[in-house]
Amino acid sequence: MNRSGSGPRVLTGQLNLIILLLLTLAVSMPPVQGFGRGFGQRDLQKSPAEDSAINIDQLFRDARREMRRGHYDKAAKIYESILVVSPTNIRAKLGSAFAQLKMADYAKCFEQANEAIKLDQNSSRAHALAGVALLRSGYIRPAVVELQASLNLDAKEALAYGGAAEVDYYEGRVKESRQKSFYAHNLDPDEPDYLVIYARASSRAEDFKEAADAYEMYLQIAPETDSERRERIRGLIQFYRQLSGLPIHLISGSETTAVPFRLGSDRRPYIRVKVNGHEATFVIDTGSGFTVISKESARRFGVPEIARGGKSQGVGGTGKFLIVYGLVRSIDMGTAKIKNIPCFIRPFHGHTEKPAQEQADGFIGLSILSHYLTELDYKDQKLTLDRSERLALQPAAGITIVPFRTTQNGLISVETELEGGHTINAILDSGASSTVISLAAVDRLKLQDWIIKGQTASVIGAAGITDNVQMLFIRNCRVADLEQNNLRALVLDFNAINETSGFEQSGILGGDFLRHFRLRIDFSRALVAFERHSPAP
């Protein structure tokens, strides 16, 4: 990731400075009038068309300067002012689309990119912008079509390579994601987002030194306007430096182990484990990319803090909490043993009011479960971890195998269809009690009539407790050929999820959906098998 060659750039810079000084002197000299009347007047008087061209060029320079500073809203307004004068200016439409992409207004980005495509079907940049806008909005398949069209037109379109790297990451092709994001960075070294993709893919490959180096470079070239994000990244760099060279998630014990769990009154699976040799109660949580431990339990079990930085906000609760990283020496689940487990340490809300057997010390996340073929059997209330692949997924009667994607923070996302043919991306979350639909999806899909009048709930989340949460009545919820009817879903703000998911998530499939199945999750192939053990409610 390091770039060298500073010597030649210094010499070039000195030469450029000399040329610039000469040009400045030339421009500052008064114009020569000559002896004859009117000499040089034609050069001094510009036509209206020439004045307009000069103004537009200056506006483009202004917009580019605002983009570099991270003032994307100001840049967007400048591009809009150009389009008022020149509605078919494709360069302004592409600039406006990119500014909207940076502001996460993906609908407006796609609209501007699509207008640019109508003006020029062969604009590789326009297809790339449309593709990334679709991708971030959660429409993966049409996004891939647009990204491929962009690369067919220009094999060196950096934005298309960056988008393709994101798709690879979501679909589990980590090596390819690193290669494409690195190539995108080389094509456009001033764009910081490609470094973030590379860092995340490197982290998933547990190459923490490369991840930290990429984030260091990101901080050097990214605008300083987003202070919260920069603070989180500084914390990640500190965390990855601590992990660099340390073997983590060391697996030992039996190749296959079955551990009973208790399905709580909140429809979450509770399991007894040993943390650093201490008995503990954890939730099996497919909705957490990382293992999480409460502040009190970390202190009781001797789990040290190794890094911190930035704040996060979970679903539920209105506040934010400090991001603190720890390292668990060992976790034993049945005959399975895992050593050196990175974790989050955070406060837990509302757990002391629960029954004693449901007062969790932490959550077993996907960073552990992904090392196994994981079976979660809600009927027999049993967790099976298999690293021999004797439970390899096989098509059979009564079993539905569904491909999934993983979000940037490692969560399992499956395509889910709601009544009326509405397809959304939903997180498979055994740590959630209920199905959830995002506020944005309710607005976008016009589901306001589905809201149950007079019914609200209180939701306990990572950032506290949210009261008066509205509920949605879903007559039909389908994953592949699996259908459940008459679900009551919570309606929550997903901004905290989508800030780090990479592509839009609009729902959560919680315990009320999952408890009717035996789930087998094959992380190496990005597949999940559903086997129904009870009739659809």
# chains A, B, ... in the order shown; residues from 1 in each chain; ligands from 1
$ select_by_dssp --residues "segment 93-311 of chain A" --states "strand (DSSP E or B)" --output "count of residues only"
37
$ residues_around --residues "segment 226-243 of chain A" --least-positions-apart "4" --cutoff "6 Å" --atoms "only C-alpha atoms" --output "short mmCIF file (atom, residue, chain, number, x, y, z; two decimals) with N, CA, C and O atoms, in the first residue's frame"
data_model
loop_
_atom_site.label_atom_id
_atom_site.label_comp_id
_atom_site.auth_asym_id
_atom_site.auth_seq_id
_atom_site.Cartn_x
_atom_site.Cartn_y
_atom_site.Cartn_z
N PHE A 208 -4.48 -7.88 9.39
CA PHE A 208 -4.77 -6.65 10.11
C PHE A 208 -3.75 -5.55 9.84
O PHE A 208 -4.08 -4.37 9.91
N ALA A 212 -4.88 -1.86 8.68
CA ALA A 212 -4.47 -0.65 9.39
C ALA A 212 -3.74 0.31 8.47
O ALA A 212 -3.97 1.53 8.50
N ALA A 307 -8.21 -1.41 22.86
CA ALA A 307 -8.30 -0.22 21.99
C ALA A 307 -9.67 0.39 22.15
O ALA A 307 -10.61 -0.26 22.62
N ARG A 308 -9.79 1.65 21.75
CA ARG A 308 -11.09 2.32 21.73
C ARG A 308 -11.02 3.48 20.76
O ARG A 308 -9.94 3.97 20.41
N GLY A 309 -12.19 3.91 20.31
CA GLY A 309 -12.22 5.07 19.42
C GLY A 309 -13.54 5.20 18.70
O GLY A 309 -14.03 4.25 18.11
N GLY A 310 -14.13 6.39 18.78
CA GLY A 310 -15.39 6.65 18.09
C GLY A 310 -16.59 6.15 18.86
O GLY A 310 -16.47 5.53 19.93
#
$ closest_residue --among "A:Gly264, A:Asn409, A:Ala432, A:Gln448" --to "Gln359 of chain A" --atoms "only C-alpha atoms"
A:Gly264
$ atom_distance --atom1 "atom CA of Val167 of chain A" --atom2 "atom CA of Arg405 of chain A"
9.0 Å
$ select_by_dssp --residues "segment 291-515 of chain A" --states "alpha helix (DSSP H)" --output "list in words"
Lys295, Glu296, Ser297, Ala298, Arg299, Arg300, Phe301, Leu366, Ser367, Ile368, Leu369, Leu439, Ala440, Ala441, Val442, Asp443, Arg444, Asn495, Ala496, Ile497, Asn498, Glu499, Thr500, Ser501, Gly511, Asp512, Phe513 and Leu514 of chain A
$ write_last_selection --atoms "N, CA, C and O atoms" --output "mmCIF file, in the first residue's frame"
data_model
loop_
_atom_site.group_PDB
_atom_site.id
_atom_site.type_symbol
_atom_site.label_atom_id
_atom_site.label_comp_id
_atom_site.auth_asym_id
_atom_site.auth_seq_id
_atom_site.Cartn_x
_atom_site.Cartn_y
_atom_site.Cartn_z
ATOM 1 N N LYS A 295 -19.875 -4.723 29.876
ATOM 2 C CA LYS A 295 -18.806 -4.079 30.661
ATOM 3 C C LYS A 295 -18.613 -4.788 31.997
ATOM 4 O O LYS A 295 -17.480 -5.056 32.409
ATOM 5 N N GLU A 296 -19.722 -5.121 32.655
ATOM 6 C CA GLU A 296 -19.628 -5.770 33.960
ATOM 7 C C GLU A 296 -19.000 -7.159 33.848
ATOM 8 O O GLU A 296 -18.137 -7.540 34.657
ATOM 9 N N SER A 297 -19.410 -7.913 32.820
ATOM 10 C CA SER A 297 -18.871 -9.261 32.641
ATOM 11 C C SER A 297 -17.405 -9.219 32.238
ATOM 12 O O SER A 297 -16.616 -10.074 32.651
ATOM 13 N N ALA A 298 -17.029 -8.251 31.416
ATOM 14 C CA ALA A 298 -15.626 -8.126 31.022
ATOM 15 C C ALA A 298 -14.750 -7.906 32.250
ATOM 16 O O ALA A 298 -13.663 -8.504 32.376
ATOM 17 N N ARG A 299 -15.238 -7.078 33.154
ATOM 18 C CA ARG A 299 -14.484 -6.826 34.385
ATOM 19 C C ARG A 299 -14.431 -8.094 35.251
ATOM 20 O O ARG A 299 -13.385 -8.443 35.795
ATOM 21 N N ARG A 300 -15.554 -8.808 35.335
ATOM 22 C CA ARG A 300 -15.622 -10.003 36.183
ATOM 23 C C ARG A 300 -14.784 -11.149 35.627
ATOM 24 O O ARG A 300 -14.183 -11.915 36.376
ATOM 25 N N PHE A 301 -14.723 -11.255 34.287
ATOM 26 C CA PHE A 301 -14.015 -12.374 33.661
ATOM 27 C C PHE A 301 -12.576 -12.027 33.274
ATOM 28 O O PHE A 301 -11.877 -12.847 32.689
ATOM 29 N N LEU A 366 -20.842 -13.794 14.720
ATOM 30 C CA LEU A 366 -20.447 -14.538 13.527
ATOM 31 C C LEU A 366 -18.932 -14.681 13.395
ATOM 32 O O LEU A 366 -18.464 -15.548 12.666
ATOM 33 N N SER A 367 -18.160 -13.839 14.088
ATOM 34 C CA SER A 367 -16.704 -13.988 14.014
ATOM 35 C C SER A 367 -16.267 -15.350 14.554
ATOM 36 O O SER A 367 -15.227 -15.876 14.149
ATOM 37 N N ILE A 368 -17.058 -15.950 15.455
ATOM 38 C CA ILE A 368 -16.797 -17.309 15.930
ATOM 39 C C ILE A 368 -17.572 -18.318 15.097
ATOM 40 O O ILE A 368 -17.011 -19.308 14.589
ATOM 41 N N LEU A 369 -18.869 -18.093 14.914
ATOM 42 C CA LEU A 369 -19.720 -19.075 14.231
ATOM 43 C C LEU A 369 -19.267 -19.342 12.800
ATOM 44 O O LEU A 369 -19.449 -20.451 12.281
ATOM 45 N N LEU A 439 -37.956 2.177 8.920
ATOM 46 C CA LEU A 439 -38.796 3.343 8.634
ATOM 47 C C LEU A 439 -38.705 3.743 7.167
ATOM 48 O O LEU A 439 -39.713 4.093 6.541
ATOM 49 N N ALA A 440 -37.483 3.691 6.621
ATOM 50 C CA ALA A 440 -37.283 4.092 5.220
ATOM 51 C C ALA A 440 -38.059 3.183 4.280
ATOM 52 O O ALA A 440 -38.633 3.635 3.282
ATOM 53 N N ALA A 441 -38.089 1.872 4.581
ATOM 54 C CA ALA A 441 -38.830 0.934 3.731
ATOM 55 C C ALA A 441 -40.329 1.180 3.822
ATOM 56 O O ALA A 441 -41.051 1.085 2.821
ATOM 57 N N VAL A 442 -40.817 1.496 5.012
ATOM 58 C CA VAL A 442 -42.240 1.815 5.164
ATOM 59 C C VAL A 442 -42.606 3.007 4.280
ATOM 60 O O VAL A 442 -43.641 3.003 3.594
ATOM 61 N N ASP A 443 -41.743 4.021 4.260
ATOM 62 C CA ASP A 443 -42.005 5.200 3.427
ATOM 63 C C ASP A 443 -41.857 4.878 1.945
ATOM 64 O O ASP A 443 -42.717 5.239 1.126
ATOM 65 N N ARG A 444 -40.768 4.189 1.599
ATOM 66 C CA ARG A 444 -40.478 3.922 0.183
ATOM 67 C C ARG A 444 -41.524 3.006 -0.450
ATOM 68 O O ARG A 444 -41.939 3.215 -1.596
ATOM 69 N N ASN A 495 -30.869 3.744 10.296
ATOM 70 C CA ASN A 495 -29.698 4.541 9.922
ATOM 71 C C ASN A 495 -28.421 3.979 10.532
ATOM 72 O O ASN A 495 -27.365 3.959 9.889
ATOM 73 N N ALA A 496 -28.503 3.518 11.783
ATOM 74 C CA ALA A 496 -27.305 2.990 12.437
ATOM 75 C C ALA A 496 -26.800 1.740 11.733
ATOM 76 O O ALA A 496 -25.590 1.525 11.610
ATOM 77 N N ILE A 497 -27.717 0.888 11.264
ATOM 78 C CA ILE A 497 -27.322 -0.324 10.545
ATOM 79 C C ILE A 497 -26.742 0.037 9.186
ATOM 80 O O ILE A 497 -25.663 -0.425 8.794
ATOM 81 N N ASN A 498 -27.461 0.870 8.436
ATOM 82 C CA ASN A 498 -27.065 1.138 7.060
ATOM 83 C C ASN A 498 -25.844 2.039 6.950
ATOM 84 O O ASN A 498 -25.217 2.108 5.891
ATOM 85 N N GLU A 499 -25.491 2.704 8.037
ATOM 86 C CA GLU A 499 -24.263 3.494 8.026
ATOM 87 C C GLU A 499 -23.040 2.609 7.818
ATOM 88 O O GLU A 499 -22.040 3.033 7.241
ATOM 89 N N THR A 500 -23.132 1.350 8.264
ATOM 90 C CA THR A 500 -21.976 0.449 8.168
ATOM 91 C C THR A 500 -22.262 -0.816 7.363
ATOM 92 O O THR A 500 -21.403 -1.680 7.266
ATOM 93 N N SER A 501 -23.462 -0.939 6.782
ATOM 94 C CA SER A 501 -23.792 -2.186 6.077
ATOM 95 C C SER A 501 -23.262 -2.209 4.650
ATOM 96 O O SER A 501 -23.020 -3.278 4.089
ATOM 97 N N GLY A 511 -36.481 -13.793 15.982
ATOM 98 C CA GLY A 511 -36.866 -15.069 16.554
ATOM 99 C C GLY A 511 -38.270 -15.511 16.217
ATOM 100 O O GLY A 511 -38.540 -16.716 16.121
ATOM 101 N N ASP A 512 -39.208 -14.559 16.005
ATOM 102 C CA ASP A 512 -40.570 -14.955 15.672
ATOM 103 C C ASP A 512 -40.648 -15.652 14.324
ATOM 104 O O ASP A 512 -41.544 -16.474 14.085
ATOM 105 N N PHE A 513 -39.710 -15.368 13.423
ATOM 106 C CA PHE A 513 -39.636 -16.040 12.121
ATOM 107 C C PHE A 513 -38.768 -17.295 12.219
ATOM 108 O O PHE A 513 -39.154 -18.380 11.758
ATOM 109 N N LEU A 514 -37.602 -17.182 12.835
ATOM 110 C CA LEU A 514 -36.610 -18.251 12.802
ATOM 111 C C LEU A 514 -36.991 -19.454 13.651
ATOM 112 O O LEU A 514 -36.552 -20.584 13.362
#
